[in-house]
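File shown: entry.txt. Contents: compact mmCIF, C-alpha atoms.
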# COMPACT_ATOMS: atom_id res chain seq x y z
CA MET A 1 13.91 62.53 39.92
CA GLY A 2 10.57 61.58 41.45
CA ASP A 3 9.72 59.34 38.53
CA GLU A 4 13.07 57.58 38.88
CA ARG A 5 12.46 56.89 42.59
CA HIS A 6 8.97 55.61 41.83
CA LEU A 7 10.38 53.31 39.15
CA ARG A 8 12.99 51.98 41.57
CA ARG A 9 10.31 51.27 44.20
CA VAL A 10 8.21 49.44 41.62
CA ILE A 11 11.19 47.37 40.49
CA LEU A 12 12.15 46.59 44.11
CA LYS A 13 8.57 45.59 44.91
CA ARG A 14 8.45 43.27 41.92
CA LYS A 15 11.78 41.70 42.87
CA VAL A 16 10.57 41.10 46.44
CA ILE A 17 7.32 39.55 45.21
CA ASN A 18 9.27 37.43 42.74
CA VAL A 19 11.63 36.15 45.45
CA VAL A 20 8.76 35.43 47.85
CA MET A 21 6.70 33.55 45.25
CA LEU A 22 9.74 31.64 43.98
CA THR A 23 10.59 30.64 47.55
CA LEU A 24 7.03 29.50 48.28
CA SER A 25 6.89 27.54 45.03
CA THR A 26 10.23 25.87 45.77
CA LEU A 27 9.15 24.96 49.31
CA THR A 28 5.85 23.46 48.15
CA ALA A 29 7.63 21.51 45.41
CA MET A 30 10.19 20.21 47.92
CA TYR A 31 7.38 19.29 50.33
CA GLY A 32 5.69 17.20 47.67
CA LEU A 33 8.94 15.61 46.52
CA VAL A 34 9.85 14.62 50.09
CA TRP A 35 6.67 12.59 50.46
CA LEU A 36 6.99 11.17 46.96
CA PHE A 37 10.53 9.91 47.50
CA TRP A 38 9.61 8.71 50.98
CA ILE A 39 6.85 6.52 49.52
CA LEU A 40 9.04 5.28 46.67
CA GLY A 41 11.93 4.58 49.03
CA ASP A 42 9.71 2.73 51.49
CA VAL A 43 8.26 0.56 48.72
CA LEU A 44 11.73 -0.06 47.27
CA ILE A 45 13.34 -1.00 50.60
CA ASN A 46 10.53 -3.26 51.81
CA GLY A 47 9.64 -4.75 48.43
CA PHE A 48 13.08 -5.47 46.99
CA ARG A 49 13.89 -7.89 49.83
CA PHE A 50 11.05 -10.19 48.82
CA ILE A 51 11.38 -10.10 45.03
CA SER A 52 11.99 -13.58 43.63
CA LEU A 53 11.39 -15.55 40.47
CA GLN A 54 8.78 -17.66 42.26
CA LEU A 55 6.68 -14.53 42.79
CA PHE A 56 6.09 -14.32 39.04
CA LEU A 57 5.97 -18.02 38.14
CA ASN A 58 4.06 -19.70 40.99
CA ASP A 59 0.42 -19.60 41.98
CA PRO A 60 -0.55 -18.88 45.60
CA THR A 61 -0.36 -21.52 48.28
CA PRO A 62 -3.20 -22.13 50.77
CA PRO A 63 -3.51 -19.38 53.44
CA GLY A 64 -0.94 -19.68 56.21
CA ILE A 65 1.49 -21.81 54.18
CA GLU A 66 4.70 -20.12 53.08
CA GLY A 67 5.83 -20.06 49.48
CA GLY A 68 3.87 -19.66 46.31
CA GLY A 69 3.63 -16.58 44.14
CA LEU A 70 1.29 -14.15 42.44
CA ARG A 71 1.32 -15.38 38.86
CA HIS A 72 -2.48 -15.30 38.77
CA ALA A 73 -2.53 -11.63 39.83
CA PHE A 74 0.16 -10.49 37.38
CA VAL A 75 -1.52 -12.19 34.43
CA GLY A 76 -5.00 -11.07 35.49
CA HIS A 77 -3.91 -7.45 35.97
CA PHE A 78 -2.30 -7.43 32.53
CA ILE A 79 -5.45 -8.86 30.90
CA ILE A 80 -7.84 -6.46 32.64
CA THR A 81 -5.68 -3.39 31.95
CA SER A 82 -5.08 -4.38 28.31
CA LEU A 83 -8.80 -4.90 27.69
CA ALA A 84 -9.52 -1.55 29.34
CA ALA A 85 -7.00 0.14 27.03
CA LEU A 86 -8.50 -1.57 23.97
CA ILE A 87 -11.91 -0.24 24.97
CA GLY A 88 -10.98 3.16 26.33
CA VAL A 89 -8.28 4.43 23.96
CA PRO A 90 -10.32 4.42 20.70
CA ILE A 91 -13.42 5.82 22.42
CA GLY A 92 -11.42 8.49 24.24
CA ILE A 93 -9.58 9.62 21.12
CA GLY A 94 -12.78 9.55 19.06
CA THR A 95 -14.62 11.61 21.69
CA GLY A 96 -11.82 14.19 21.79
CA ILE A 97 -11.82 14.45 17.99
CA PHE A 98 -15.60 14.94 17.98
CA PHE A 99 -15.40 17.68 20.62
CA ALA A 100 -12.61 19.56 18.83
CA GLU A 101 -13.49 19.08 15.17
CA TYR A 102 -17.26 18.71 14.99
CA GLY A 103 -18.65 20.32 18.12
CA ARG A 104 -16.34 23.25 18.68
CA HIS A 105 -19.10 25.82 18.09
CA SER A 106 -22.03 23.82 19.46
CA LYS A 107 -23.40 24.79 22.89
CA LEU A 108 -24.76 21.28 23.42
CA ILE A 109 -21.38 19.69 22.70
CA LYS A 110 -19.70 22.22 24.98
CA THR A 111 -22.04 21.03 27.74
CA PHE A 112 -21.04 17.42 27.11
CA ARG A 113 -17.41 18.52 27.07
CA ASN A 114 -17.80 20.18 30.48
CA ILE A 115 -19.42 17.03 31.85
CA THR A 116 -16.51 14.97 30.52
CA ASP A 117 -14.13 17.42 32.17
CA VAL A 118 -15.87 16.82 35.50
CA LEU A 119 -15.62 13.04 35.03
CA VAL A 120 -11.80 13.31 34.96
CA SER A 121 -11.79 13.83 38.73
CA PHE A 122 -14.79 11.59 39.42
CA PRO A 123 -14.26 9.15 42.35
CA SER A 124 -13.29 5.77 40.96
CA ILE A 125 -15.45 3.93 43.50
CA VAL A 126 -18.54 5.60 42.02
CA ILE A 127 -17.59 4.28 38.58
CA GLY A 128 -17.16 0.84 40.14
CA THR A 129 -20.64 0.89 41.68
CA PHE A 130 -22.11 2.13 38.39
CA VAL A 131 -20.61 -0.76 36.42
CA TYR A 132 -21.66 -3.14 39.20
CA ALA A 133 -25.29 -2.04 38.73
CA LEU A 134 -24.94 -2.04 34.95
CA MET A 135 -23.13 -5.34 34.34
CA VAL A 136 -22.47 -7.38 37.48
CA LYS A 137 -25.94 -7.26 39.01
CA PRO A 138 -27.86 -8.19 35.83
CA LEU A 139 -25.43 -11.02 34.98
CA GLY A 140 -25.38 -12.30 38.55
CA HIS A 141 -21.60 -12.66 38.86
CA PHE A 142 -18.33 -10.73 38.74
CA SER A 143 -16.16 -10.82 35.63
CA ALA A 144 -12.90 -9.49 34.24
CA ILE A 145 -14.71 -7.79 31.37
CA SER A 146 -16.79 -5.71 33.79
CA GLY A 147 -13.56 -4.71 35.53
CA SER A 148 -12.10 -3.65 32.20
CA VAL A 149 -15.20 -1.60 31.42
CA SER A 150 -14.95 0.22 34.75
CA LEU A 151 -11.28 1.05 34.12
CA ALA A 152 -12.08 2.14 30.57
CA LEU A 153 -14.69 4.57 31.90
CA LEU A 154 -12.00 6.10 34.08
CA MET A 155 -9.60 6.33 31.15
CA ILE A 156 -11.95 7.79 28.53
CA PRO A 157 -12.41 11.29 30.06
CA VAL A 158 -8.64 11.77 30.51
CA ILE A 159 -7.88 10.85 26.90
CA ALA A 160 -10.89 12.75 25.52
CA ILE A 161 -10.08 16.03 27.26
CA THR A 162 -6.37 15.78 26.40
CA THR A 163 -7.14 15.04 22.75
CA ASP A 164 -9.63 17.90 22.62
CA GLU A 165 -7.17 20.41 24.09
CA ILE A 166 -4.33 19.29 21.82
CA LEU A 167 -6.44 19.46 18.65
CA LYS A 168 -7.56 22.97 19.56
CA LEU A 169 -3.91 24.03 19.40
CA VAL A 170 -3.66 23.01 15.73
CA PRO A 171 -3.91 26.26 13.68
CA ASN A 172 -7.08 26.62 11.66
CA SER A 173 -4.96 27.79 8.73
CA LEU A 174 -3.73 24.21 8.30
CA ARG A 175 -7.30 22.94 8.09
CA GLU A 176 -8.25 25.69 5.65
CA ALA A 177 -5.28 24.77 3.46
CA GLY A 178 -6.53 21.19 3.35
CA TYR A 179 -10.03 22.32 2.37
CA ALA A 180 -8.55 24.60 -0.30
CA LEU A 181 -6.85 21.57 -1.85
CA GLY A 182 -10.21 19.81 -2.09
CA ALA A 183 -9.85 17.41 0.84
CA HIS A 184 -12.94 16.14 2.63
CA ARG A 185 -13.45 16.92 6.29
CA TRP A 186 -12.48 13.42 7.45
CA GLN A 187 -9.32 13.63 5.36
CA VAL A 188 -8.39 16.98 6.93
CA ILE A 189 -8.92 15.52 10.39
CA LYS A 190 -6.94 12.34 9.64
CA ASP A 191 -4.06 13.76 7.63
CA ILE A 192 -3.69 17.24 9.10
CA SER A 193 -5.24 17.64 12.56
CA ILE A 194 -4.36 14.24 14.01
CA SER A 195 -0.97 14.19 12.28
CA ALA A 196 -0.06 17.55 13.82
CA ALA A 197 -1.32 16.56 17.28
CA LYS A 198 -0.24 12.91 17.43
CA ARG A 199 2.42 13.47 20.11
CA GLY A 200 -0.04 15.22 22.40
CA ILE A 201 -2.67 12.55 21.79
CA LEU A 202 -0.15 9.84 22.66
CA THR A 203 0.67 11.71 25.87
CA GLY A 204 -3.03 11.65 26.75
CA VAL A 205 -3.12 7.91 26.16
CA ILE A 206 -0.12 7.48 28.46
CA LEU A 207 -1.84 9.53 31.17
CA GLY A 208 -5.02 7.49 30.76
CA ILE A 209 -3.21 4.17 31.17
CA ALA A 210 -1.27 5.53 34.15
CA ARG A 211 -4.60 6.65 35.64
CA ILE A 212 -6.03 3.13 35.73
CA SER A 213 -2.94 1.03 36.40
CA GLY A 214 -3.15 1.42 40.18
CA GLU A 215 -6.93 1.45 40.69
CA THR A 216 -8.42 -0.89 43.28
CA ALA A 217 -11.92 0.30 44.18
CA PRO A 218 -13.58 -0.26 40.76
CA LEU A 219 -12.16 -3.79 40.55
CA LEU A 220 -13.53 -4.71 43.98
CA PHE A 221 -17.03 -4.12 42.62
CA THR A 222 -16.54 -5.63 39.18
CA SER A 223 -13.84 -8.25 38.61
CA PHE A 224 -13.64 -8.93 42.38
CA ASN A 225 -10.70 -11.36 42.75
CA ASN A 226 -9.69 -14.95 42.20
CA ASN A 227 -7.27 -17.07 44.20
CA PHE A 228 -6.60 -19.30 41.18
CA PHE A 229 -5.04 -18.76 37.79
CA SER A 230 -7.70 -17.95 35.19
CA LEU A 231 -7.84 -16.68 31.61
CA ASP A 232 -11.64 -16.58 31.38
CA ILE A 233 -12.67 -12.92 31.13
CA THR A 234 -16.32 -13.82 31.80
CA LYS A 235 -15.44 -15.00 35.33
CA PRO A 236 -13.88 -13.28 38.37
CA MET A 237 -10.19 -12.59 37.81
CA ALA A 238 -7.35 -11.64 40.10
CA SER A 239 -5.59 -8.28 39.83
CA LEU A 240 -2.46 -6.94 41.47
CA THR A 241 -4.17 -4.02 43.18
CA VAL A 242 -6.94 -6.05 44.80
CA THR A 243 -4.50 -8.82 45.75
CA ILE A 244 -2.16 -6.28 47.37
CA PHE A 245 -5.09 -4.86 49.31
CA GLN A 246 -6.24 -8.27 50.53
CA TYR A 247 -2.74 -9.48 51.36
CA ALA A 248 -1.85 -6.28 53.21
CA MET A 249 -5.01 -6.60 55.32
CA GLY A 250 -4.47 -10.32 55.92
CA PRO A 251 -3.06 -11.90 59.11
CA TYR A 252 -0.16 -13.81 57.52
CA GLU A 253 3.40 -12.50 57.35
CA GLU A 254 3.97 -14.27 54.02
CA TRP A 255 1.07 -12.32 52.54
CA HIS A 256 2.58 -9.07 53.78
CA ARG A 257 5.93 -9.87 52.15
CA GLN A 258 4.29 -10.70 48.83
CA ALA A 259 2.18 -7.54 49.05
CA TRP A 260 5.33 -5.43 49.43
CA ALA A 261 6.98 -7.18 46.48
CA ALA A 262 3.88 -6.77 44.30
CA SER A 263 3.66 -3.10 45.28
CA LEU A 264 7.25 -2.61 44.14
CA VAL A 265 6.59 -4.29 40.79
CA LEU A 266 3.39 -2.31 40.21
CA THR A 267 4.87 1.05 41.22
CA PHE A 268 8.13 0.85 39.34
CA GLY A 269 6.55 -1.04 36.44
CA THR A 270 4.14 1.86 35.93
CA LEU A 271 7.02 4.32 36.30
CA LEU A 272 9.10 2.43 33.72
CA PHE A 273 6.16 2.33 31.31
CA PHE A 274 5.64 6.08 31.72
CA ILE A 275 9.33 6.86 31.15
CA THR A 276 9.49 4.57 28.10
CA ALA A 277 6.35 6.08 26.59
CA LYS A 278 7.63 9.62 27.16
CA ALA A 279 10.92 8.63 25.50
CA VAL A 280 8.92 7.40 22.49
CA VAL A 281 7.06 10.72 22.37
CA HIS A 282 10.36 12.59 22.60
CA GLY A 283 11.77 10.46 19.78
CA MET A 284 8.74 11.25 17.63
CA ARG A 285 9.30 14.95 18.28
CA ARG A 286 12.94 14.73 17.17
CA THR A 287 12.15 12.81 13.98
CA ALA A 288 9.16 14.96 13.07
Turn this file's structure into structure tokens for me.
Amino acid sequence: MGDERHLRRVILKRKVINVVMLTLSTLTAMYGLVWLFWILGDVLINGFRFISLQLFLNDPTPPGIEGGGLRHAFVGHFIITSLAALIGVPIGIGTGIFFAEYGRHSKLIKTFRNITDVLVSFPSIVIGTFVYALMVKPLGHFSAISGSVSLALLMIPVIAITTDEILKLVPNSLREAGYALGAHRWQVIKDISISAAKRGILTGVILGIARISGETAPLLFTSFNNNFFSLDITKPMASLTVTIFQYAMGPYEEWHRQAWAASLVLTFGTLLFFITAKAVVHGMRRTA
């Protein structure tokens, strides 16, 4: 009888703790979602009013004159982000493969892995100042390529750590089966490890691109900005984030309207890219 009462008290205590923790988790999730939807709604309401075809096709007019668009910023942002992805994705994936496949039992590699893990949450402005000292200062001018390098440095740790963690989930028995069939180590990595973890690696790439798509601080120190349309990656180049920052801080109402519209395009463009990429990952999972 006593044991039954004790068991009931234990069960009741667990139920109470479960309800309390579930309630707290729900409240914190709702708190975060309220602010998220508030921001998205504010950007949608204020930005949608000023969306027009001219925003994408026209270059900016002189300050204080209405009209014009942000073609230079859209094209520049696409170029800088694409170059950053071309630099960061292969290096990030290669670093993650090295950590997981070659340095799993090395104390030195584990130290490098921990440093990379710290770099995931490193302030982006520090990366910007580092690339400024490394590339901008010696060359004597800002450039789009230095902006891409700074964004790539932000992307690499995210992709590397994600790739490392995903590859660690691949069972060693699969690798041993490959070795038993006479495969070389690089063949086991390419045909077994990466093939089994490709969806997770792609998710890491998506997170890395999402990480850099809205960065402003590194670009202020590296690619700076440009009020004119330019395709020269060795010169200063406009970007959406820096242009939004400058227009939002400017004194002209036309700048404010274009900043809202550009914010809407950047926010929901990134969201659409993320949803599309996740749908591709989900499709790969269903066909695998």
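Candidate residues A:Gly47, A:Pro63, A:Gly147, A:Gly204 were compared for distance to A:Leu83, and the nearest is A:Gly147, using all atoms listed in the file.
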Spatial neighbours of A:Thr116, max dist 8 Å, all atoms listed in the file, sep filter under 3 positions, as a compact mmCIF listing (two decimals) with C-alpha atoms, keeping the file's coordinate frame:
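Generated output (selection25.txt):
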# COMPACT_ATOMS: atom_id res chain seq x y z
CA PHE A 112 -21.04 17.42 27.11
CA ARG A 113 -17.41 18.52 27.07
CA LEU A 119 -15.62 13.04 35.03
CA VAL A 120 -11.80 13.31 34.96
CA PRO A 157 -12.41 11.29 30.06
CA ALA A 160 -10.89 12.75 25.52
CA ILE A 161 -10.08 16.03 27.26
Next item on the list: Could you check which of A:Met30, A:Ala262, A:Ile145, A:Ala152 is closest to A:Phe74, using all atoms listed in the file?
Entry: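 The closest residue to A:Phe74 is A:Ala262.
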Check: Suppose you want the space between atom CA of A:Asn226 and atom CA of A:Ala238; what is it in Å?
Finding: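 So the answer is 4.6 Å.
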Notebook entry, point to check: Could you state the separation of atom CA of A:Lys190 and atom CA of A:Ala84 in Å, given to one decimal place?
Noted result: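 Between atom CA of A:Lys190 and atom CA of A:Ala84 the gap is 24.2 Å.
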Next item on the list: Would you list the contacts of A:Ile212 as a PyMOL selection string, taking every protein, DNA or RNA residue within 12 Å and counting all atoms listed in the file, but skipping same-chain residues closer than 4 positions in sequence?
Entry: chain A and resi 77-78+80-85+88+120+124+127+147-159+205-208+216-219+241+266+270
Next item on the list: Just the residues within 6 Å of A:Ser239, please, counting only C-alpha atoms, with nothing from its chain fewer than 3 positions along; format it as a VMD selection string.
Entry: chain A and resid 73 76 to 77 242
Notebook entry, point to check: Which residue out of A:Gly128, A:Gly64, A:Gly269, A:Pro171 has the minimum interatomic distance to A:Pro251 when all atoms listed in the file are used?
Noted result: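 Checking each of A:Gly128, A:Gly64, A:Gly269, A:Pro171 against A:Pro251, counting all atoms listed in the file, the winner is A:Gly64.
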Margin query: I'd like the neighbourhood of A:Phe224 as a ChimeraX atom specification, where a residue qualifies if any of its atoms comes within 7 Å (using all atoms listed in the file), though same-chain residues fewer than 2 positions away should be ignored.
Written below: /A:142,219-222,236-237
Next item on the list: Rank A:Val188, A:Leu12, A:Val75, A:Ile209 by their smallest atom-to-atom distance to A:Phe273, using only C-alpha atoms, and report the top residue only.
Entry: A:Ile209
Item checked: Pairwise distance for atom CA of A:Ala100 and atom CA of A:Arg185, rounded to one decimal in Å ->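 Calculated distance between atom CA of A:Ala100 and atom CA of A:Arg185 is 12.8 Å.
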Note to self: For A:Ala261, find every residue with an atom within 7 Å (counting only C-alpha atoms), except residues of its own chain fewer than 2 positions away, and show them as a ChimeraX atom specification.
What the structure shows: /A:47-48,50-51,257-259,263-265
Next item on the list: Using all atoms listed in the file, pick whichever of A:Leu70, A:Leu86, A:Ala279, A:Leu27 has the shortest atom-to-atom distance to A:Gln54.
Entry: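 Once distances to A:Gln54 are computed over all atoms listed in the file, the minimum belongs to A:Leu70.
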Next item on the list: Rank A:Thr111, A:Thr203, A:Thr129, A:Ser52 by their smallest atom-to-atom distance to A:Val280, using all atoms listed in the file, and report the top residue only.
Entry: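 Of A:Thr111, A:Thr203, A:Thr129, A:Ser52, the one nearest A:Val280 is A:Thr203, counting all atoms listed in the file.
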